[in-house]
$ cat upload02.txt   # compact mmCIF, C-alpha atoms and all ligand atoms
# COMPACT_ATOMS: atom_id res chain seq x y z
CA MET X 212 67.86 44.96 -133.14
CA ASP X 213 67.48 42.37 -130.36
CA ASN X 214 68.14 38.75 -131.14
CA ILE X 215 65.40 36.26 -130.56
CA ARG X 216 66.38 33.62 -128.03
CA LEU X 217 64.75 30.23 -127.77
CA ILE X 218 64.16 29.00 -124.23
CA ASP X 219 63.38 25.34 -123.76
CA ILE X 220 60.83 24.95 -120.97
CA ARG X 221 58.91 21.68 -121.15
CA GLU X 222 56.81 22.51 -118.14
CA GLU X 223 53.26 21.34 -117.50
CA ILE X 224 50.80 24.05 -118.57
CA LEU X 225 48.91 23.48 -115.32
CA SER X 226 52.01 23.19 -113.15
CA ASP X 227 50.74 25.68 -110.54
CA ASN X 228 47.62 23.58 -110.05
CA GLN X 229 49.71 20.41 -110.04
CA ASN X 230 52.07 21.72 -107.37
CA LEU X 231 49.21 22.77 -105.13
CA ALA X 232 47.54 19.38 -105.68
CA ASN X 233 50.75 17.68 -104.53
CA ASP X 234 50.84 19.91 -101.43
CA ILE X 235 47.25 18.96 -100.67
CA ARG X 236 48.11 15.26 -101.02
CA SER X 237 50.97 15.55 -98.57
CA LYS X 238 48.82 17.45 -96.08
CA LEU X 239 46.21 14.70 -96.36
CA ARG X 240 48.90 12.06 -95.81
CA ASP X 241 50.08 13.88 -92.69
CA ASN X 242 46.54 13.60 -91.37
CA GLN X 243 45.96 10.06 -92.68
CA VAL X 244 43.01 11.24 -94.74
CA PHE X 245 42.05 9.57 -98.03
CA MET X 246 40.34 11.79 -100.59
CA LEU X 247 38.31 10.51 -103.55
CA ASN X 248 37.53 12.71 -106.55
CA LEU X 249 34.19 11.52 -107.98
CA MET X 250 33.37 12.67 -111.50
CA SER X 251 30.59 12.07 -114.04
CA SER X 252 28.11 13.74 -116.37
CA PRO X 253 25.19 15.59 -114.75
CA GLY X 254 22.67 13.16 -113.30
CA SER X 255 24.74 9.95 -113.55
CA GLY X 256 24.33 9.34 -109.85
CA LYS X 257 27.18 11.04 -107.98
CA THR X 258 25.06 12.19 -105.07
CA SER X 259 23.18 8.88 -104.97
CA LEU X 260 26.44 6.89 -104.90
CA ILE X 261 27.86 9.11 -102.16
CA VAL X 262 24.72 8.67 -100.05
CA GLU X 263 24.76 4.87 -100.53
CA THR X 264 28.47 4.77 -99.71
CA ILE X 265 27.92 6.76 -96.51
CA ARG X 266 25.16 4.39 -95.45
CA ARG X 267 27.44 1.37 -95.89
CA LEU X 268 30.71 2.75 -94.58
CA LYS X 269 29.92 5.36 -91.95
CA ASP X 270 30.31 2.95 -89.03
CA GLU X 271 33.88 2.11 -90.04
CA LEU X 272 35.11 5.38 -91.56
CA ARG X 273 34.52 8.99 -90.60
CA ILE X 274 33.36 10.52 -93.87
CA GLY X 275 33.23 14.13 -95.10
CA VAL X 276 31.96 15.42 -98.43
CA ILE X 277 32.97 18.38 -100.61
CA GLU X 278 30.11 19.40 -102.88
CA GLY X 279 31.35 21.09 -106.00
CA ASP X 280 28.29 20.97 -108.14
CA ILE X 281 26.63 24.19 -109.19
CA ASP X 282 25.69 26.69 -106.50
CA SER X 283 22.75 24.86 -105.09
CA LEU X 284 22.40 23.30 -101.70
CA VAL X 285 20.26 20.42 -102.96
CA ASP X 286 23.07 17.86 -102.95
CA SER X 287 24.74 18.96 -99.72
CA GLU X 288 21.41 18.81 -97.88
CA LYS X 289 21.10 15.15 -98.90
CA ILE X 290 24.56 14.48 -97.49
CA VAL X 291 23.94 16.33 -94.24
CA ALA X 292 20.72 14.32 -93.83
CA GLU X 293 22.94 11.22 -93.65
CA GLY X 294 24.68 12.70 -90.64
CA VAL X 295 27.90 13.55 -92.44
CA PRO X 296 29.54 16.99 -92.72
CA ALA X 297 29.42 18.59 -96.18
CA VAL X 298 31.23 21.66 -97.47
CA GLN X 299 29.43 23.40 -100.32
CA LEU X 300 31.83 25.14 -102.68
CA ARG X 301 30.72 28.34 -104.32
CA THR X 302 31.81 27.48 -107.83
CA GLY X 303 29.66 30.03 -109.63
CA GLY X 304 29.08 27.97 -112.75
CA ALA X 305 32.66 26.71 -113.11
CA CYS X 306 33.07 23.68 -115.37
CA HIS X 307 35.49 21.85 -113.06
CA LEU X 308 37.05 21.94 -109.60
CA ASP X 309 40.74 22.69 -109.26
CA ALA X 310 43.29 22.43 -106.48
CA PRO X 311 42.82 26.01 -105.15
CA MET X 312 39.08 25.38 -104.70
CA ILE X 313 39.72 22.14 -102.84
CA GLU X 314 42.32 23.87 -100.66
CA THR X 315 39.64 26.41 -99.71
CA ALA X 316 37.14 23.66 -98.92
CA LEU X 317 39.68 21.81 -96.77
CA GLU X 318 40.27 24.95 -94.71
CA SER X 319 36.75 24.67 -93.37
CA MET X 320 37.15 20.98 -92.48
CA ASP X 321 38.94 19.57 -89.47
CA LEU X 322 41.19 16.91 -91.00
CA LYS X 323 41.60 15.31 -87.58
CA THR X 324 37.94 14.33 -87.59
CA VAL X 325 37.71 12.54 -90.98
CA ASP X 326 39.18 9.42 -92.59
CA LEU X 327 37.61 9.68 -96.03
CA ILE X 328 36.67 12.78 -98.01
CA ILE X 329 34.58 12.38 -101.14
CA ILE X 330 34.56 15.23 -103.64
CA GLU X 331 31.45 15.50 -105.83
CA ASN X 332 32.96 17.23 -108.85
CA VAL X 333 31.04 19.35 -111.35
CA GLY X 334 28.92 17.23 -113.71
CA ASN X 335 31.11 17.15 -116.81
CA LEU X 336 33.25 14.46 -118.46
CA VAL X 337 35.71 16.83 -120.13
CA CYS X 338 37.16 19.56 -117.92
CA PRO X 339 37.48 17.80 -114.54
CA ALA X 340 39.72 15.17 -116.19
CA GLU X 341 42.38 17.81 -116.77
CA PHE X 342 42.62 19.20 -113.23
CA ASP X 343 44.29 17.40 -110.35
CA THR X 344 42.40 18.26 -107.15
CA GLY X 345 44.92 16.69 -104.79
CA ALA X 346 42.74 13.60 -104.38
CA THR X 347 44.29 10.26 -103.47
CA LYS X 348 42.26 8.42 -106.12
CA ARG X 349 39.86 9.32 -108.91
CA ALA X 350 36.63 7.56 -109.77
CA MET X 351 34.07 8.22 -112.46
CA ILE X 352 30.50 7.13 -112.97
CA LEU X 353 28.97 6.27 -116.31
CA SER X 354 25.28 5.49 -116.14
CA VAL X 355 23.57 3.07 -118.50
CA PRO X 356 21.25 5.65 -120.16
CA GLU X 357 24.33 7.62 -121.31
CA GLY X 358 25.43 4.82 -123.62
CA ASP X 359 28.47 2.57 -123.92
CA ASP X 360 30.23 4.73 -126.52
CA LYS X 361 31.32 7.42 -124.05
CA VAL X 362 34.86 6.00 -123.90
CA LEU X 363 35.29 7.13 -127.49
CA LYS X 364 33.94 10.60 -126.79
CA TYR X 365 35.70 11.32 -123.51
CA PRO X 366 38.87 9.20 -123.62
CA LEU X 367 40.87 11.43 -121.28
CA MET X 368 38.43 10.95 -118.40
CA PHE X 369 38.54 7.16 -118.73
CA SER X 370 42.33 7.25 -118.93
CA VAL X 371 42.86 9.21 -115.70
CA CYS X 372 40.45 7.35 -113.39
CA ASP X 373 41.33 4.52 -111.02
CA ALA X 374 37.77 3.25 -110.94
CA LEU X 375 34.80 3.26 -113.28
CA VAL X 376 31.39 2.75 -111.73
CA VAL X 377 28.72 1.73 -114.21
CA ASN X 378 25.55 2.95 -112.52
CA LYS X 379 21.82 2.44 -113.16
CA ILE X 380 22.26 -1.18 -114.24
CA ASP X 381 18.58 -1.60 -113.35
CA TYR X 382 18.04 0.03 -116.77
CA LEU X 383 20.11 -2.59 -118.63
CA ALA X 384 17.12 -4.65 -119.71
CA LEU X 385 15.62 -1.59 -121.40
CA SER X 386 18.72 -0.61 -123.32
CA ASP X 387 21.29 -1.82 -125.82
CA PHE X 388 24.14 -0.84 -123.49
CA ASN X 389 26.97 -3.33 -124.03
CA GLN X 390 28.92 -3.77 -120.82
CA ASP X 391 31.55 -6.03 -122.38
CA LEU X 392 32.30 -3.53 -125.12
CA LEU X 393 32.56 -0.74 -122.58
CA LYS X 394 34.98 -2.76 -120.45
CA GLU X 395 37.06 -3.74 -123.45
CA ARG X 396 37.43 -0.15 -124.61
CA ALA X 397 38.05 1.29 -121.17
CA LYS X 398 40.77 -1.29 -120.46
CA MET X 399 42.52 -0.42 -123.73
CA LEU X 400 42.81 3.20 -122.60
CA ASN X 401 43.61 2.34 -119.03
CA ARG X 402 44.80 -1.15 -118.07
CA GLU X 403 44.59 -0.50 -114.35
CA ILE X 404 41.04 0.81 -114.22
CA GLU X 405 38.73 -1.12 -111.88
CA ILE X 406 35.26 -1.47 -113.38
CA MET X 407 32.23 -2.08 -111.18
CA ALA X 408 28.55 -2.30 -112.14
CA VAL X 409 26.04 -0.97 -109.63
CA SER X 410 22.52 0.28 -109.17
CA CYS X 411 21.90 2.91 -106.55
CA ARG X 412 18.21 2.12 -107.00
CA THR X 413 18.28 -1.64 -106.26
CA GLY X 414 21.54 -1.72 -104.32
CA GLU X 415 23.09 -4.30 -106.65
CA GLY X 416 26.89 -4.11 -106.80
CA LEU X 417 27.18 -1.47 -104.08
CA ASP X 418 28.91 -3.84 -101.68
CA HIS X 419 31.52 -4.55 -104.35
CA TRP X 420 32.08 -0.81 -104.80
CA CYS X 421 32.34 -0.24 -101.06
CA GLN X 422 34.78 -3.12 -100.78
CA TRP X 423 36.97 -1.53 -103.46
CA LEU X 424 36.90 1.83 -101.67
CA ARG X 425 37.52 0.25 -98.26
CA ASN X 426 40.53 -1.63 -99.67
CA GLU X 427 41.93 1.51 -101.24
CA VAL X 428 41.63 3.40 -97.95
CA MET X 429 43.25 0.54 -96.01
CA ASN X 430 46.11 0.12 -98.50
CA TYR X 431 46.73 3.85 -98.41
CA ARG X 432 46.90 3.88 -94.63
CA ASN X 433 49.16 0.84 -94.51
CA ARG X 434 51.59 2.54 -96.85
CA LEU X 435 51.80 5.72 -94.74
CA MET K 181 35.19 24.54 -121.99
CA HIS K 182 38.12 24.97 -119.64
CA GLU K 183 40.29 26.99 -122.05
CA LEU K 184 40.17 30.07 -119.81
CA ALA K 185 41.63 28.22 -116.80
CA VAL K 186 44.19 26.53 -119.02
CA THR K 187 45.24 29.84 -120.55
CA GLU K 188 45.64 31.42 -117.12
CA GLY K 189 47.90 28.55 -116.07
CA MET K 190 49.87 28.75 -119.28
CA LEU K 191 50.43 32.51 -118.95
CA LYS K 192 51.78 32.05 -115.42
CA VAL K 193 54.31 29.48 -116.61
CA VAL K 194 55.30 31.70 -119.53
CA LEU K 195 55.78 34.85 -117.44
CA ARG K 196 57.69 33.00 -114.75
CA HIS K 197 60.20 31.61 -117.25
CA ALA K 198 60.43 34.88 -119.15
CA GLU K 199 61.35 36.71 -115.95
CA MET K 200 63.82 34.04 -114.89
CA ASN K 201 65.52 34.48 -118.25
CA LYS K 202 65.43 38.27 -118.01
CA ALA K 203 63.43 38.55 -121.21
CA LYS K 204 62.16 41.96 -122.30
CA ARG K 205 59.40 40.50 -124.37
CA VAL K 206 57.95 37.13 -125.30
CA VAL K 207 57.36 36.88 -129.04
CA GLY K 208 56.47 33.22 -129.45
CA ILE K 209 55.14 30.36 -127.33
CA THR K 210 55.07 26.74 -128.39
CA LEU K 211 52.65 24.44 -126.62
CA ARG K 212 52.59 20.67 -126.96
CA ILE K 213 49.13 19.27 -126.40
CA GLY K 214 48.17 15.63 -126.85
CA GLU K 215 45.12 14.63 -128.89
CA MET K 216 43.54 13.29 -125.71
CA SER K 217 43.00 16.85 -124.49
CA ASP K 218 39.91 18.62 -125.68
CA ILE K 219 41.34 22.10 -126.12
CA VAL K 220 40.00 24.37 -128.83
CA ASP K 221 42.99 26.25 -130.24
CA GLU K 222 40.96 29.24 -131.32
CA TRP K 223 39.60 29.86 -127.81
CA LEU K 224 42.95 29.42 -126.19
CA LYS K 225 44.43 32.03 -128.52
CA ARG K 226 41.63 34.48 -127.94
CA TYR K 227 41.81 34.14 -124.17
CA PHE K 228 45.55 34.56 -124.42
CA ASP K 229 45.23 37.81 -126.36
CA TYR K 230 42.90 39.05 -123.68
CA LEU K 231 44.78 37.84 -120.60
CA SER K 232 48.25 38.81 -121.79
CA ARG K 233 47.38 42.47 -122.34
CA GLY K 234 49.78 44.70 -120.48
CA THR K 235 52.25 41.87 -119.81
CA ILE K 236 55.56 41.23 -121.57
CA ALA K 237 53.86 38.36 -123.41
CA GLU K 238 51.33 40.61 -125.10
CA GLY K 239 51.18 39.92 -128.82
CA ALA K 240 53.16 36.68 -128.63
CA GLN K 241 52.40 34.18 -131.34
CA ILE K 242 51.11 30.87 -130.04
CA ILE K 243 51.97 27.68 -131.83
CA ILE K 244 50.11 24.57 -130.75
CA GLU K 245 51.79 21.32 -131.64
CA ARG K 246 49.47 18.36 -131.37
CA SER K 247 50.87 15.00 -130.47
CA PRO K 248 48.77 12.10 -131.69
CA ALA K 249 47.30 9.36 -129.51
CA VAL K 250 49.76 6.50 -129.92
CA PHE K 251 49.07 2.97 -128.71
CA SER K 252 51.45 0.08 -128.37
CA CYS K 253 50.38 -3.54 -128.80
CA GLY K 254 51.28 -5.89 -125.97
CA ASP K 255 50.96 -8.92 -128.26
CA CYS K 256 52.84 -8.06 -131.45
CA GLY K 257 54.68 -4.90 -130.38
CA ALA K 258 53.19 -2.68 -133.10
CA GLU K 259 52.92 1.05 -132.39
CA TYR K 260 50.10 2.87 -134.10
CA ILE K 261 48.25 6.17 -134.13
CA VAL K 262 44.55 6.24 -133.30
CA ASN K 263 42.47 9.07 -134.71
CA LEU K 264 40.25 9.84 -131.72
CA LYS K 265 38.12 12.39 -133.55
CA ALA K 266 37.23 9.78 -136.18
CA LYS K 267 36.42 7.36 -133.34
CA ASP K 268 38.92 4.83 -134.62
CA LYS K 269 39.12 1.49 -132.85
CA PHE K 270 41.77 1.29 -130.13
CA SER K 271 42.66 -2.34 -130.86
CA CYS K 272 45.82 -3.29 -132.76
CA PRO K 273 45.46 -2.84 -136.53
CA GLU K 274 48.24 -5.40 -137.14
CA CYS K 275 47.05 -8.37 -135.11
CA GLY K 276 43.66 -7.32 -133.75
CA ALA K 277 44.71 -7.63 -130.09
CA ASN K 278 42.97 -5.68 -127.33
CA ASN K 279 45.99 -6.05 -125.08
CA VAL K 280 47.19 -2.55 -125.89
CA GLU K 281 48.41 0.50 -124.03
CA LEU K 282 48.25 4.24 -124.62
CA ILE K 283 51.84 5.47 -124.78
CA SER K 284 51.41 9.07 -125.84
CA GLY K 285 48.69 11.64 -126.44
CA ARG K 286 48.35 13.11 -122.95
CA GLU K 287 51.04 15.79 -123.27
CA PHE K 288 50.05 19.17 -121.88
CA LEU K 289 53.19 21.27 -121.95
CA VAL K 290 54.63 24.68 -122.55
CA GLN K 291 57.41 23.44 -124.82
CA ASP K 292 59.48 26.55 -125.48
CA LEU K 293 59.48 30.33 -125.62
CA GLN K 294 60.91 32.77 -128.09
CA VAL K 295 61.99 35.88 -126.27
CA VAL K 296 63.99 39.05 -126.87
N1 LIG H 1 16.97 3.95 -111.98
C1 LIG H 1 18.01 4.47 -111.35
N2 LIG H 1 18.04 5.78 -111.06
C2 LIG H 1 19.12 6.26 -110.41
C3 LIG H 1 20.22 5.45 -110.04
N3 LIG H 1 21.15 6.22 -109.44
C4 LIG H 1 20.65 7.47 -109.41
N4 LIG H 1 19.42 7.50 -110.01
C5 LIG H 1 18.56 8.67 -110.20
O1 LIG H 1 19.19 9.54 -111.13
C6 LIG H 1 18.92 10.89 -110.80
C7 LIG H 1 20.22 11.66 -110.66
O2 LIG H 1 20.95 11.12 -109.56
P1 LIG H 1 21.96 12.00 -108.72
O3 LIG H 1 22.53 11.11 -107.69
O4 LIG H 1 21.32 13.26 -108.27
O5 LIG H 1 23.05 12.30 -109.83
P2 LIG H 1 24.23 13.39 -109.80
O6 LIG H 1 25.31 12.86 -110.67
O7 LIG H 1 24.58 13.72 -108.40
O8 LIG H 1 23.50 14.61 -110.48
P3 LIG H 1 23.98 16.15 -110.51
O9 LIG H 1 24.63 16.45 -109.19
O10 LIG H 1 22.71 16.90 -110.71
O11 LIG H 1 24.92 16.25 -111.67
C8 LIG H 1 18.10 10.87 -109.53
O12 LIG H 1 16.76 10.97 -109.88
C9 LIG H 1 18.40 9.50 -108.96
O13 LIG H 1 17.36 9.01 -108.17
C10 LIG H 1 20.16 4.06 -110.38
O14 LIG H 1 21.06 3.27 -110.11
N5 LIG H 1 19.04 3.63 -111.04
MG MG H 2 24.71 15.60 -107.44
ZN ZN H 3 49.28 -6.34 -132.28

$ encode --input "upload02.txt" --output "structure tokens"
Amino acid sequence: MDNIRLIDIREEILSDNQNLANDIRSKLRDNQVFMLNLMSSPGSGKTSLIVETIRRLKDELRIGVIEGDIDSLVDSEKIVAEGVPAVQLRTGGACHLDAPMIETALESMDLKTVDLIIIENVGNLVCPAEFDTGATKRAMILSVPEGDDKVLKYPLMFSVCDALVVNKIDYLALSDFNQDLLKERAKMLNREIEIMAVSCRTGEGLDHWCQWLRNEVMNYRNRL
Amino acid sequence: MHELAVTEGMLKVVLRHAEMNKAKRVVGITLRIGEMSDIVDEWLKRYFDYLSRGTIAEGAQIIIERSPAVFSCGDCGAEYIVNLKAKDKFSCPECGANNVELISGREFLVQDLQVV
């Protein structure tokens, strides 16, 4: 009869993904490329925010986009119309993007020709929070119609993001969305999170968002 | 929703360590998962039964230890557990402060293996 041995491991369940994500980050550093992982529920305004960001920053930064949302070309066509290269991932209904998928996408991009890559992750506030894509920073969007209680329902997402964009503030007057309560709760889960209110419809707050992103890119480059 | 991908990752870690330790068979796996992670135990176990077929981890018993979401108060120093499922308030139950910090609840580990 064999004896049972206990082996202490304490290793991250997703360590393979984590290791690849770290490799991706160092490859991006070698090429001085900043990559932003943008996450939200379906329809919160990821594509709209990316388009508005391109319009404001494309003269100072060379931008590329990785489209991870469901196998449709709708979003990438909007990006390409802005004169920016987009790689459409074939995710086949996956609920999140992971480091191997981003590695594949990066293979079809020339890192020498971009300064900023924005990943549009799959619309979902649960799964993408768990998977490191190799991005330099993570941002999430919560739109006003979704409600201010989402911090309680999806705490992990709020705790892993560097920035929270509250979008569709043009709807504020029609709703009971409490921005102060949202901020208070989000800060309790994540002290460092930067919270910005915007409307991709009216343009309000977008300069603030672009300033945050520009600063992050500049700080990253200065540290290289 | 992402239990399948998580289980695949977990099995890789398990098999790698089992081989490194020259195990003939893995009989038990202990995972430590924080309350912040939305993992449904039942699905993870089912996917594991399916994915581990034909490997030395087939039939292993999976134990999932949940670590609670623990906050620490920056004002009075209290440490307290927040029941996320019950949508408890995050603020300090002792002094009411919002100046608090999440100190545990994000664990996502293969803790140990029982092998023969
Ligand atoms: N009123 C208003 N509508 C907005 C705003 N931002 C986006 N929308 C609209 O919301 C809808 C969804 O926006 P998208 O940018 O496609 O959102 P998404 O997150 O990329 O959506 P999926 O990729 O389908 O998950 C579109 O009809 C947008 O025009 C906003 O600030 N205000
Ligand atoms: Mg979109
Ligand atoms: Zn206190």

$ residues_near_ligand --input "upload02.txt" --ligand "ligand ZN 3 (chain H)" --cutoff "7 Å" --atoms "all atoms listed in the file" --output "PyMOL selection string"
chain K and resi 253-258+272-277

$ write_last_selection --input "upload02.txt" --atoms "C-alpha atoms" --output "PDB file, in the coordinates of the input"
ATOM      1  CA  CYS K 253      50.380  -3.540-128.800  1.00  0.00           C
ATOM      2  CA  GLY K 254      51.280  -5.890-125.970  1.00  0.00           C
ATOM      3  CA  ASP K 255      50.960  -8.920-128.260  1.00  0.00           C
ATOM      4  CA  CYS K 256      52.840  -8.060-131.450  1.00  0.00           C
ATOM      5  CA  GLY K 257      54.680  -4.900-130.380  1.00  0.00           C
ATOM      6  CA  ALA K 258      53.190  -2.680-133.100  1.00  0.00           C
ATOM      7  CA  CYS K 272      45.820  -3.290-132.760  1.00  0.00           C
ATOM      8  CA  PRO K 273      45.460  -2.840-136.530  1.00  0.00           C
ATOM      9  CA  GLU K 274      48.240  -5.400-137.140  1.00  0.00           C
ATOM     10  CA  CYS K 275      47.050  -8.370-135.110  1.00  0.00           C
ATOM     11  CA  GLY K 276      43.660  -7.320-133.750  1.00  0.00           C
ATOM     12  CA  ALA K 277      44.710  -7.630-130.090  1.00  0.00           C
TER      13      ALA K 277
END

$ closest_atom_pairs --input "upload02.txt" --of "chain X" --to "ligand LIG 1 (chain H)" --cutoff "7 Å" --atoms "all atoms listed in the file" --output "tab-separated table"
residue	atom	partner	partner_atom	distance
X:Ser251	CA	H:LIG1	O6	6.3
X:Ser252	CA	H:LIG1	O11	6.2
X:Pro253	CA	H:LIG1	O11	3.2
X:Gly254	CA	H:LIG1	O8	3.3
X:Ser255	CA	H:LIG1	O6	4.1
X:Gly256	CA	H:LIG1	O5	3.2
X:Lys257	CA	H:LIG1	O6	3.7
X:Thr258	CA	H:LIG1	O7	3.7
X:Ser259	CA	H:LIG1	O3	3.6
X:Leu260	CA	H:LIG1	O3	6.4
X:Asp280	CA	H:LIG1	O9	5.9
X:Asp286	CA	H:LIG1	O9	6.6
X:Val333	CA	H:LIG1	O11	6.9
X:Gly334	CA	H:LIG1	O11	4.6
X:Asn378	CA	H:LIG1	O14	5.1
X:Lys379	CA	H:LIG1	O14	3.3
X:Ile380	CA	H:LIG1	O14	6.2
X:Asp381	CA	H:LIG1	N5	5.7
X:Tyr382	CA	H:LIG1	N1	6.3
X:Val409	CA	H:LIG1	O14	6.6
X:Ser410	CA	H:LIG1	O14	3.5
X:Cys411	CA	H:LIG1	O14	3.7
X:Arg412	CA	H:LIG1	C10	4.4
X:Thr413	CA	H:LIG1	O14	6.8

$ interface_residues --input "upload02.txt" --of "chain X" --to "chain K" --cutoff "8 Å" --atoms "only C-alpha atoms" --output "JSON, numbers by chain"
{"X": [213, 214, 215, 216, 217, 218, 219, 220, 221, 222, 223, 224, 225, 226, 227, 228, 306, 307, 337, 338, 341, 363, 364, 366, 367, 395, 396, 399, 400, 401, 402]}

$ atom_distance --input "upload02.txt" --atom1 "atom CA of Glu405 of chain X" --atom2 "atom CA of Gly275 of chain X"
23.3 Å

$ atom_distance --input "upload02.txt" --atom1 "atom CA of Glu288 of chain X" --atom2 "atom CA of Leu249 of chain X"
17.8 Å
